[in-house]
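Enquirer: Take this structure, written in structure tokens, and hold onto it; I'll ask about it next.
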Amino acid sequence: FKRYVPGDPTMFVKGGRFYMSIPFKVPETPLQNDTCIGLDMGERRFAISSDGIMFHDKEHNKRRRKLRYLKRCLQKKGTKSARRHARKLSIKEQNQSTDMCQKIANAILQSTPASIIVMEDLRGIKQKTSKTKEGFKRKSHNRRMSQIPFYKFKQILSYKALLNGKRVETVSPFLTSQTDCITGKKEGTRKNRRFYCKNGIV
């Protein structure tokens with residue numbers, strides 16, 4: 001409130017609770033330079049930059065596994081108090097997920113002097129990869145994907161980037177894991193999680 005001019009607040013109800021959202025008029029900081037980095041999102045490793053830095057919160061994953069185990073135990077009980085407790089755990093899991101996105105976004109912005117952060121446009125990725133070519137559900141894959149907040153992270157990183165004189169751009173993910181980033185052509189070799197460019201750079 002001391003730094004920025006507040007806008008009109010909005011009152012709303014969510015999950016039986018009242019909330020107030022207050023927007024602020026924040027002036028955009030001009031871009032510091034025209035350099036850019038790429039950011040790749042993943043299932044097992046949350047994000048890896050083209051500088052070779054991996055951003056991964058193991059403690060968050062540990063807490064999330066514990067919460068999901070407790071929720072499964074409560075679902076088996078099926079009582080009214082168990083359902084009420086499970087709803088509280090769901091809210092707690094969402095808050096922890098948001099906190100993790102905030103911390104990783106801060107770490108990414110602090111780790112690079114580049115002003116443009118390029119990410120893959122992953123809209124609809126969870127639905128597109130939920131089944132095999134034969135039409136069978138990929139249960140293990142879907143369970144992991146459901147726990148990754150792609151859209152939430154992009155939102156948080158985008159507004160934090162503007163405050164730091166940076167911006168987030170998205171590109172189509174088509175062939176990004178098969179195209180040589182140096183030549184821009186479909187060449188090089190991919191081995192498991194590593195891609196070897198034509199000149200040998202991994």
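Going by the structure tokens order, chains are called A, B, ..., each with residues numbered from 1, while ligands are numbered from 1 in the order shown.
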Based on the backbone DSSP call, show me all residues of range 54-133 of chain A assigned helix (DSSP H, G or I), as a PyMOL selection string.

Expert: chain A and resi 58-77+80-111+125-128

Enquirer: Counting only C-alpha atoms, what is within 12 Å of Arg72 in chain A, bar same-chain residues fewer than 5 positions away, as a ChimeraX atom specification?

Expert: /A:65-67,77-78,82-83,85-87,89-90

Enquirer: Output C-alpha atoms of each residue in that selection to a file, as a PDB file, in the first residue's frame.

Expert:
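Here's the written file again.pdb:
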ATOM      1  CA  ARG A  65       3.741 -36.975  -0.798  1.00  0.00           C
ATOM      2  CA  LYS A  66       2.905 -36.891   2.906  1.00  0.00           C
ATOM      3  CA  LEU A  67      -0.259 -34.827   2.329  1.00  0.00           C
ATOM      4  CA  LYS A  77     -12.614 -43.758   6.055  1.00  0.00           C
ATOM      5  CA  GLY A  78     -15.344 -41.856   4.212  1.00  0.00           C
ATOM      6  CA  ALA A  82     -12.663 -37.316   7.386  1.00  0.00           C
ATOM      7  CA  ARG A  83     -14.063 -35.448   4.361  1.00  0.00           C
ATOM      8  CA  HIS A  85     -10.216 -32.897   7.180  1.00  0.00           C
ATOM      9  CA  ALA A  86      -9.426 -33.896   3.560  1.00  0.00           C
ATOM     10  CA  ARG A  87     -10.728 -30.531   2.293  1.00  0.00           C
ATOM     11  CA  LEU A  89      -5.476 -30.818   3.450  1.00  0.00           C
ATOM     12  CA  SER A  90      -6.372 -29.933  -0.157  1.00  0.00           C
TER      13      SER A  90
END

Enquirer: Need the shell around range 7-17 of chain A: protein/DNA/RNA residues with any atom at most 10 Å away, counting only C-alpha atoms. Skip same-chain ones fewer than 6 positions apart. Format as a list of chain:residue names?

Expert: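 What passes the distance filter is A:Pro23, A:Phe24, A:Lys25, A:Arg87, A:Ile91.
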
Enquirer: Counting only C-alpha atoms, which residue out of A:Pro149, A:Gly135, A:Gly184, A:Gly124 sits closest to Asp99 in chain A?

Expert: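 Ranking A:Pro149, A:Gly135, A:Gly184, A:Gly124 by distance to Asp99 in chain A, first place goes to A:Pro149.
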
Enquirer: Quick one: residues within 9 Å of Glu43 in chain A, only C-alpha atoms, excluding same-chain residues fewer than 2 positions away - as a list in words?

Expert: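 Residues near the query, excluding close chain neighbours: Met41, Arg45, Phe46, Ala47, His141, Arg144, Met145, Gln147 and Ile148 of chain A.
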
Enquirer: Excluding range 185-200 of chain A and residues on its chain fewer than 3 positions from it, collect all residues at most 12 Å away from it, counting only C-alpha atoms, and give them as a PDB file with all heavy atoms, in the first residue's frame.

Expert:
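Wrote result12.pdb, looks like this:
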ATOM      1  N   ASP A  40      12.814 -24.930 -19.556  1.00  0.00           N
ATOM      2  CA  ASP A  40      12.111 -26.167 -19.884  1.00  0.00           C
ATOM      3  C   ASP A  40      11.458 -26.737 -18.629  1.00  0.00           C
ATOM      4  O   ASP A  40      12.120 -26.923 -17.607  1.00  0.00           O
ATOM      5  CB  ASP A  40      13.094 -27.188 -20.474  1.00  0.00           C
ATOM      6  CG  ASP A  40      12.389 -28.474 -20.896  1.00  0.00           C
ATOM      7  OD1 ASP A  40      11.406 -28.371 -21.650  1.00  0.00           O
ATOM      8  OD2 ASP A  40      12.817 -29.559 -20.480  1.00  0.00           O
ATOM      9  N   GLY A  42       9.387 -29.783 -16.585  1.00  0.00           N
ATOM     10  CA  GLY A  42       9.390 -31.229 -16.633  1.00  0.00           C
ATOM     11  C   GLY A  42       8.579 -31.860 -15.522  1.00  0.00           C
ATOM     12  O   GLY A  42       8.114 -31.182 -14.605  1.00  0.00           O
ATOM     13  N   GLU A  43       8.441 -33.183 -15.603  1.00  0.00           N
ATOM     14  CA  GLU A  43       7.685 -33.927 -14.599  1.00  0.00           C
ATOM     15  C   GLU A  43       8.515 -34.143 -13.338  1.00  0.00           C
ATOM     16  O   GLU A  43       8.069 -33.851 -12.225  1.00  0.00           O
ATOM     17  CB  GLU A  43       7.276 -35.290 -15.159  1.00  0.00           C
ATOM     18  CG  GLU A  43       6.238 -35.239 -16.250  1.00  0.00           C
ATOM     19  CD  GLU A  43       5.874 -36.632 -16.731  1.00  0.00           C
ATOM     20  OE1 GLU A  43       6.013 -37.581 -15.944  1.00  0.00           O
ATOM     21  OE2 GLU A  43       5.466 -36.781 -17.897  1.00  0.00           O
ATOM     22  N   ARG A  44       9.720 -34.679 -13.509  1.00  0.00           N
ATOM     23  CA  ARG A  44      10.537 -35.046 -12.355  1.00  0.00           C
ATOM     24  C   ARG A  44      11.391 -33.881 -11.871  1.00  0.00           C
ATOM     25  O   ARG A  44      11.625 -33.742 -10.682  1.00  0.00           O
ATOM     26  CB  ARG A  44      11.420 -36.251 -12.715  1.00  0.00           C
ATOM     27  CG  ARG A  44      10.600 -37.468 -13.139  1.00  0.00           C
ATOM     28  CD  ARG A  44      11.469 -38.670 -13.402  1.00  0.00           C
ATOM     29  NE  ARG A  44      10.695 -39.797 -13.906  1.00  0.00           N
ATOM     30  CZ  ARG A  44       9.990 -40.619 -13.142  1.00  0.00           C
ATOM     31  NH1 ARG A  44       9.948 -40.447 -11.848  1.00  0.00           N
ATOM     32  NH2 ARG A  44       9.315 -41.623 -13.682  1.00  0.00           N
ATOM     33  N   ARG A  45      11.875 -33.066 -12.795  1.00  0.00           N
ATOM     34  CA  ARG A  45      12.619 -31.851 -12.443  1.00  0.00           C
ATOM     35  C   ARG A  45      11.765 -30.679 -12.874  1.00  0.00           C
ATOM     36  O   ARG A  45      11.456 -30.540 -14.055  1.00  0.00           O
ATOM     37  CB  ARG A  45      13.987 -31.846 -13.132  1.00  0.00           C
ATOM     38  CG  ARG A  45      14.876 -32.977 -12.668  1.00  0.00           C
ATOM     39  CD  ARG A  45      16.079 -33.135 -13.588  1.00  0.00           C
ATOM     40  NE  ARG A  45      16.950 -34.211 -13.154  1.00  0.00           N
ATOM     41  CZ  ARG A  45      16.763 -35.497 -13.424  1.00  0.00           C
ATOM     42  NH1 ARG A  45      15.705 -35.855 -14.132  1.00  0.00           N
ATOM     43  NH2 ARG A  45      17.595 -36.422 -12.999  1.00  0.00           N
ATOM     44  N   ILE A  48      14.391 -26.385 -15.807  1.00  0.00           N
ATOM     45  CA  ILE A  48      15.821 -26.330 -16.119  1.00  0.00           C
ATOM     46  C   ILE A  48      16.018 -25.218 -17.142  1.00  0.00           C
ATOM     47  O   ILE A  48      15.307 -25.156 -18.148  1.00  0.00           O
ATOM     48  CB  ILE A  48      16.345 -27.663 -16.691  1.00  0.00           C
ATOM     49  CG1 ILE A  48      16.132 -28.791 -15.671  1.00  0.00           C
ATOM     50  CG2 ILE A  48      17.812 -27.561 -17.056  1.00  0.00           C
ATOM     51  CD1 ILE A  48      16.551 -30.152 -16.169  1.00  0.00           C
ATOM     52  N   SER A  50      18.353 -22.859 -19.916  1.00  0.00           N
ATOM     53  CA  SER A  50      19.345 -23.140 -20.953  1.00  0.00           C
ATOM     54  C   SER A  50      20.754 -22.820 -20.474  1.00  0.00           C
ATOM     55  O   SER A  50      21.728 -23.160 -21.141  1.00  0.00           O
ATOM     56  CB  SER A  50      19.027 -22.332 -22.220  1.00  0.00           C
ATOM     57  OG  SER A  50      18.927 -20.951 -21.914  1.00  0.00           O
ATOM     58  N   GLY A  52      21.832 -24.220 -17.903  1.00  0.00           N
ATOM     59  CA  GLY A  52      22.224 -25.468 -17.253  1.00  0.00           C
ATOM     60  C   GLY A  52      21.887 -25.522 -15.777  1.00  0.00           C
ATOM     61  O   GLY A  52      22.355 -26.410 -15.061  1.00  0.00           O
ATOM     62  N   PHE A 174       6.390 -27.738 -30.315  1.00  0.00           N
ATOM     63  CA  PHE A 174       6.547 -28.682 -31.423  1.00  0.00           C
ATOM     64  C   PHE A 174       8.012 -28.788 -31.837  1.00  0.00           C
ATOM     65  O   PHE A 174       8.643 -27.784 -32.205  1.00  0.00           O
ATOM     66  CB  PHE A 174       5.687 -28.243 -32.605  1.00  0.00           C
ATOM     67  CG  PHE A 174       5.742 -29.190 -33.775  1.00  0.00           C
ATOM     68  CD1 PHE A 174       5.240 -30.474 -33.658  1.00  0.00           C
ATOM     69  CD2 PHE A 174       6.300 -28.796 -34.977  1.00  0.00           C
ATOM     70  CE1 PHE A 174       5.285 -31.348 -34.729  1.00  0.00           C
ATOM     71  CE2 PHE A 174       6.350 -29.664 -36.049  1.00  0.00           C
ATOM     72  CZ  PHE A 174       5.840 -30.944 -35.925  1.00  0.00           C
ATOM     73  N   LEU A 175       8.570 -29.995 -31.728  1.00  0.00           N
ATOM     74  CA  LEU A 175       9.943 -30.324 -32.130  1.00  0.00           C
ATOM     75  C   LEU A 175      11.026 -29.607 -31.314  1.00  0.00           C
ATOM     76  O   LEU A 175      12.186 -29.596 -31.720  1.00  0.00           O
ATOM     77  CB  LEU A 175      10.159 -30.021 -33.623  1.00  0.00           C
ATOM     78  CG  LEU A 175       9.335 -30.850 -34.626  1.00  0.00           C
ATOM     79  CD1 LEU A 175       9.677 -30.440 -36.036  1.00  0.00           C
ATOM     80  CD2 LEU A 175       9.571 -32.333 -34.436  1.00  0.00           C
ATOM     81  N   THR A 176      10.672 -29.000 -30.177  1.00  0.00           N
ATOM     82  CA  THR A 176      11.697 -28.306 -29.395  1.00  0.00           C
ATOM     83  C   THR A 176      12.707 -29.273 -28.797  1.00  0.00           C
ATOM     84  O   THR A 176      13.842 -28.881 -28.513  1.00  0.00           O
ATOM     85  CB  THR A 176      11.050 -27.496 -28.252  1.00  0.00           C
ATOM     86  OG1 THR A 176      10.175 -28.348 -27.506  1.00  0.00           O
ATOM     87  CG2 THR A 176      10.268 -26.323 -28.783  1.00  0.00           C
ATOM     88  N   SER A 177      12.318 -30.540 -28.587  1.00  0.00           N
ATOM     89  CA  SER A 177      13.255 -31.515 -28.029  1.00  0.00           C
ATOM     90  C   SER A 177      14.029 -32.254 -29.109  1.00  0.00           C
ATOM     91  O   SER A 177      14.829 -33.139 -28.812  1.00  0.00           O
ATOM     92  CB  SER A 177      12.502 -32.530 -27.161  1.00  0.00           C
ATOM     93  OG  SER A 177      11.570 -33.247 -27.948  1.00  0.00           O
ATOM     94  N   GLN A 178      13.799 -31.894 -30.394  1.00  0.00           N
ATOM     95  CA  GLN A 178      14.494 -32.555 -31.491  1.00  0.00           C
ATOM     96  C   GLN A 178      15.273 -31.575 -32.367  1.00  0.00           C
ATOM     97  O   GLN A 178      15.976 -31.975 -33.279  1.00  0.00           O
ATOM     98  CB  GLN A 178      13.488 -33.301 -32.377  1.00  0.00           C
ATOM     99  CG  GLN A 178      12.648 -34.332 -31.621  1.00  0.00           C
ATOM    100  CD  GLN A 178      11.589 -34.950 -32.506  1.00  0.00           C
ATOM    101  OE1 GLN A 178      11.820 -35.195 -33.680  1.00  0.00           O
ATOM    102  NE2 GLN A 178      10.413 -35.200 -31.947  1.00  0.00           N
ATOM    103  N   THR A 179      15.138 -30.279 -32.085  1.00  0.00           N
ATOM    104  CA  THR A 179      15.785 -29.262 -32.906  1.00  0.00           C
ATOM    105  C   THR A 179      17.069 -28.780 -32.243  1.00  0.00           C
ATOM    106  O   THR A 179      17.085 -28.473 -31.052  1.00  0.00           O
ATOM    107  CB  THR A 179      14.828 -28.073 -33.125  1.00  0.00           C
ATOM    108  OG1 THR A 179      13.610 -28.551 -33.681  1.00  0.00           O
ATOM    109  CG2 THR A 179      15.440 -27.049 -34.065  1.00  0.00           C
ATOM    110  N   ASP A 180      18.128 -28.682 -33.023  1.00  0.00           N
ATOM    111  CA  ASP A 180      19.409 -28.172 -32.543  1.00  0.00           C
ATOM    112  C   ASP A 180      19.257 -26.676 -32.290  1.00  0.00           C
ATOM    113  O   ASP A 180      18.923 -25.906 -33.193  1.00  0.00           O
ATOM    114  CB  ASP A 180      20.492 -28.420 -33.592  1.00  0.00           C
ATOM    115  CG  ASP A 180      21.895 -28.198 -33.043  1.00  0.00           C
ATOM    116  OD1 ASP A 180      22.072 -27.269 -32.233  1.00  0.00           O
ATOM    117  OD2 ASP A 180      22.814 -28.943 -33.435  1.00  0.00           O
ATOM    118  N   CYS A 181      19.491 -26.242 -31.036  1.00  0.00           N
ATOM    119  CA  CYS A 181      19.284 -24.837 -30.676  1.00  0.00           C
ATOM    120  C   CYS A 181      20.319 -23.917 -31.318  1.00  0.00           C
ATOM    121  O   CYS A 181      20.123 -22.697 -31.362  1.00  0.00           O
ATOM    122  CB  CYS A 181      19.313 -24.675 -29.155  1.00  0.00           C
ATOM    123  SG  CYS A 181      20.896 -25.108 -28.413  1.00  0.00           S
ATOM    124  N   ILE A 182      21.427 -24.463 -31.795  1.00  0.00           N
ATOM    125  CA  ILE A 182      22.487 -23.636 -32.397  1.00  0.00           C
ATOM    126  C   ILE A 182      22.246 -23.451 -33.892  1.00  0.00           C
ATOM    127  O   ILE A 182      22.311 -22.336 -34.415  1.00  0.00           O
ATOM    128  CB  ILE A 182      23.865 -24.284 -32.142  1.00  0.00           C
ATOM    129  CG1 ILE A 182      24.138 -24.321 -30.632  1.00  0.00           C
ATOM    130  CG2 ILE A 182      24.968 -23.506 -32.861  1.00  0.00           C
ATOM    131  CD1 ILE A 182      25.400 -25.044 -30.250  1.00  0.00           C
TER     132      ILE A 182
END

Enquirer: Can you tell me how far CA of Val168 in chain A sits from CA of His56 in chain A, in Å to one decimal?

Expert: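 It comes out at 19.7 Å.
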
Enquirer: For Lys154 in chain A, find every residue with an atom within 10 Å (counting only C-alpha atoms), except residues of its own chain fewer than 2 positions away, and show them as an MDAnalysis selection string.

Expert: chainID A and resid 101 105 119 121:122 149:152 156:160 168:170

Enquirer: Restricting the output to all heavy atoms, write the selected residues as a compact mmCIF listing (two decimals), in the first residue's frame.

Expert:
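Okay, this is what ended up in result.txt:
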# COMPACT_ATOMS: atom_id res chain seq x y z
N CYS A 101 6.00 -22.32 -6.22
CA CYS A 101 6.10 -21.56 -7.47
C CYS A 101 6.72 -20.18 -7.24
O CYS A 101 7.53 -19.70 -8.05
CB CYS A 101 4.72 -21.41 -8.09
SG CYS A 101 4.02 -22.94 -8.77
N ALA A 105 10.26 -19.11 -8.93
CA ALA A 105 10.24 -17.93 -9.81
C ALA A 105 11.28 -16.91 -9.36
O ALA A 105 12.01 -16.35 -10.18
CB ALA A 105 8.85 -17.31 -9.81
N MET A 119 9.53 -19.76 -22.59
CA MET A 119 8.96 -21.01 -22.11
C MET A 119 8.12 -21.66 -23.20
O MET A 119 7.68 -21.00 -24.13
CB MET A 119 8.07 -20.77 -20.87
CG MET A 119 8.77 -20.16 -19.68
SD MET A 119 7.60 -19.83 -18.33
CE MET A 119 6.98 -21.48 -17.99
N ASP A 121 4.72 -23.22 -24.63
CA ASP A 121 3.29 -23.02 -24.42
C ASP A 121 2.66 -24.38 -24.16
O ASP A 121 2.41 -25.15 -25.08
CB ASP A 121 2.66 -22.36 -25.64
CG ASP A 121 1.21 -21.97 -25.40
OD1 ASP A 121 0.70 -22.25 -24.29
OD2 ASP A 121 0.58 -21.40 -26.30
N LEU A 122 2.42 -24.71 -22.88
CA LEU A 122 1.97 -26.04 -22.48
C LEU A 122 0.46 -26.11 -22.22
O LEU A 122 0.00 -26.96 -21.47
CB LEU A 122 2.74 -26.49 -21.23
CG LEU A 122 4.25 -26.62 -21.41
CD1 LEU A 122 4.91 -26.98 -20.09
CD2 LEU A 122 4.59 -27.66 -22.47
N PRO A 149 1.95 -27.55 -11.36
CA PRO A 149 1.16 -26.34 -11.65
C PRO A 149 1.77 -25.50 -12.76
O PRO A 149 2.33 -24.42 -12.52
CB PRO A 149 1.17 -25.60 -10.30
CG PRO A 149 2.49 -25.98 -9.70
CD PRO A 149 2.79 -27.38 -10.16
N PHE A 150 1.69 -25.98 -14.02
CA PHE A 150 2.30 -25.27 -15.14
C PHE A 150 1.75 -23.85 -15.28
O PHE A 150 2.51 -22.88 -15.36
CB PHE A 150 2.04 -26.03 -16.45
CG PHE A 150 2.80 -27.32 -16.56
CD1 PHE A 150 2.13 -28.52 -16.78
CD2 PHE A 150 4.18 -27.36 -16.46
CE1 PHE A 150 2.82 -29.71 -16.90
CE2 PHE A 150 4.88 -28.55 -16.57
CZ PHE A 150 4.19 -29.72 -16.79
N TYR A 151 0.43 -23.73 -15.33
CA TYR A 151 -0.20 -22.42 -15.58
C TYR A 151 0.04 -21.46 -14.42
O TYR A 151 0.35 -20.28 -14.63
CB TYR A 151 -1.69 -22.60 -15.83
CG TYR A 151 -2.41 -21.31 -16.14
CD1 TYR A 151 -2.22 -20.66 -17.35
CD2 TYR A 151 -3.26 -20.74 -15.20
CE1 TYR A 151 -2.87 -19.47 -17.63
CE2 TYR A 151 -3.92 -19.54 -15.48
CZ TYR A 151 -3.72 -18.92 -16.71
OH TYR A 151 -4.35 -17.72 -16.98
N LYS A 152 -0.09 -21.96 -13.21
CA LYS A 152 0.12 -21.11 -12.03
C LYS A 152 1.54 -20.56 -12.01
O LYS A 152 1.77 -19.39 -11.72
CB LYS A 152 -0.17 -21.90 -10.75
CG LYS A 152 0.01 -21.09 -9.47
CD LYS A 152 -0.13 -21.96 -8.24
CE LYS A 152 -1.55 -22.45 -8.07
NZ LYS A 152 -1.72 -23.21 -6.79
N ILE A 156 2.79 -16.57 -12.13
CA ILE A 156 3.63 -15.98 -11.09
C ILE A 156 4.93 -15.45 -11.68
O ILE A 156 5.36 -14.32 -11.37
CB ILE A 156 3.90 -17.02 -9.98
CG1 ILE A 156 2.61 -17.32 -9.22
CG2 ILE A 156 4.99 -16.52 -9.02
CD1 ILE A 156 2.72 -18.45 -8.22
N LEU A 157 5.57 -16.24 -12.53
CA LEU A 157 6.83 -15.81 -13.14
C LEU A 157 6.62 -14.59 -14.03
O LEU A 157 7.48 -13.68 -14.06
CB LEU A 157 7.43 -16.96 -13.96
CG LEU A 157 8.78 -16.68 -14.61
CD1 LEU A 157 9.85 -16.40 -13.55
CD2 LEU A 157 9.22 -17.85 -15.49
N SER A 158 5.49 -14.51 -14.73
CA SER A 158 5.23 -13.39 -15.64
C SER A 158 5.12 -12.07 -14.90
O SER A 158 5.74 -11.07 -15.30
CB SER A 158 3.95 -13.66 -16.44
OG SER A 158 4.09 -14.80 -17.26
N TYR A 159 4.33 -12.04 -13.81
CA TYR A 159 4.17 -10.76 -13.13
C TYR A 159 5.41 -10.37 -12.33
O TYR A 159 5.74 -9.19 -12.20
CB TYR A 159 2.90 -10.75 -12.27
CG TYR A 159 3.02 -11.30 -10.87
CD1 TYR A 159 3.63 -10.55 -9.85
CD2 TYR A 159 2.50 -12.54 -10.53
CE1 TYR A 159 3.72 -11.04 -8.56
CE2 TYR A 159 2.59 -13.04 -9.25
CZ TYR A 159 3.20 -12.28 -8.27
OH TYR A 159 3.30 -12.77 -6.99
N LYS A 160 6.13 -11.36 -11.83
CA LYS A 160 7.38 -11.05 -11.12
C LYS A 160 8.45 -10.53 -12.10
O LYS A 160 9.25 -9.67 -11.76
CB LYS A 160 7.90 -12.28 -10.39
CG LYS A 160 7.15 -12.59 -9.09
CD LYS A 160 7.75 -13.80 -8.39
CE LYS A 160 7.06 -14.03 -7.05
NZ LYS A 160 7.43 -13.01 -6.06
N VAL A 168 8.24 -12.60 -19.95
CA VAL A 168 8.15 -14.02 -20.28
C VAL A 168 7.48 -14.17 -21.64
O VAL A 168 6.42 -13.59 -21.88
CB VAL A 168 7.36 -14.79 -19.20
CG1 VAL A 168 7.17 -16.24 -19.61
CG2 VAL A 168 8.06 -14.70 -17.86
N GLU A 169 8.11 -14.94 -22.52
CA GLU A 169 7.55 -15.23 -23.84
C GLU A 169 7.30 -16.74 -23.94
O GLU A 169 8.01 -17.53 -23.32
CB GLU A 169 8.51 -14.79 -24.95
CG GLU A 169 8.80 -13.30 -24.97
CD GLU A 169 7.66 -12.48 -25.55
OE1 GLU A 169 6.73 -13.10 -26.14
OE2 GLU A 169 7.67 -11.25 -25.41
N THR A 170 6.31 -17.13 -24.74
CA THR A 170 6.02 -18.55 -24.94
C THR A 170 6.19 -18.91 -26.41
O THR A 170 5.92 -18.08 -27.30
CB THR A 170 4.59 -18.90 -24.49
OG1 THR A 170 3.65 -18.05 -25.16
CG2 THR A 170 4.44 -18.73 -22.99

Enquirer: Using only C-alpha atoms, can you tell me which of A:Ile201, A:Ala161, A:Met20, A:Val171 comes closest to Gln110 in chain A?

Expert: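 Of A:Ile201, A:Ala161, A:Met20, A:Val171, the one nearest Gln110 in chain A, counting only C-alpha atoms, is A:Ala161.
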
Enquirer: Mind the document's chain letters and residue numbers, and return as a PyMOL selection string the residues of chain A that DSSP labels strand (DSSP E).

Expert: chain A and resi 5-6+10-14+17-21+24-25+36-41+47-49+54-55+116-120+167-171+189-191+194-196

Enquirer: Counting only C-alpha atoms, which residue out of A:Lys62, A:Gly38, A:Val5, A:Lys88 sits closest to Ile22 in chain A?

Expert: A:Val5

Enquirer: For CA of Leu31 in chain A and CA of Thr183 in chain A, determine how far apart the two atoms are, in Å to one decimal place.

Expert: 26.9 Å

Enquirer: Between CA of Arg138 in chain A and CA of Tyr69 in chain A, what is the distance in Å, rounded to a tenth?

Expert: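 According to the coordinates, CA of Arg138 in chain A and CA of Tyr69 in chain A are separated by 20.6 Å.
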
Enquirer: Go through A:Val202, A:Ile125, A:Ile117, A:Cys73 and flag the residue nearest Arg167 in chain A, using only C-alpha atoms for the distances.

Expert: A:Ile117

Enquirer: Which residue, A:Gln94, A:Ser81, A:Thr35, A:Gln75, has the smallest gap to Arg63 in chain A when you use only C-alpha atoms?

Expert: A:Gln94

Enquirer: Using only C-alpha atoms, pick whichever of A:Arg123, A:Ser111, A:Asn142, A:Lys92 has the shortest atom-to-atom distance to Ser172 in chain A.

Expert: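 Nearest to Ser172 in chain A: A:Arg123.
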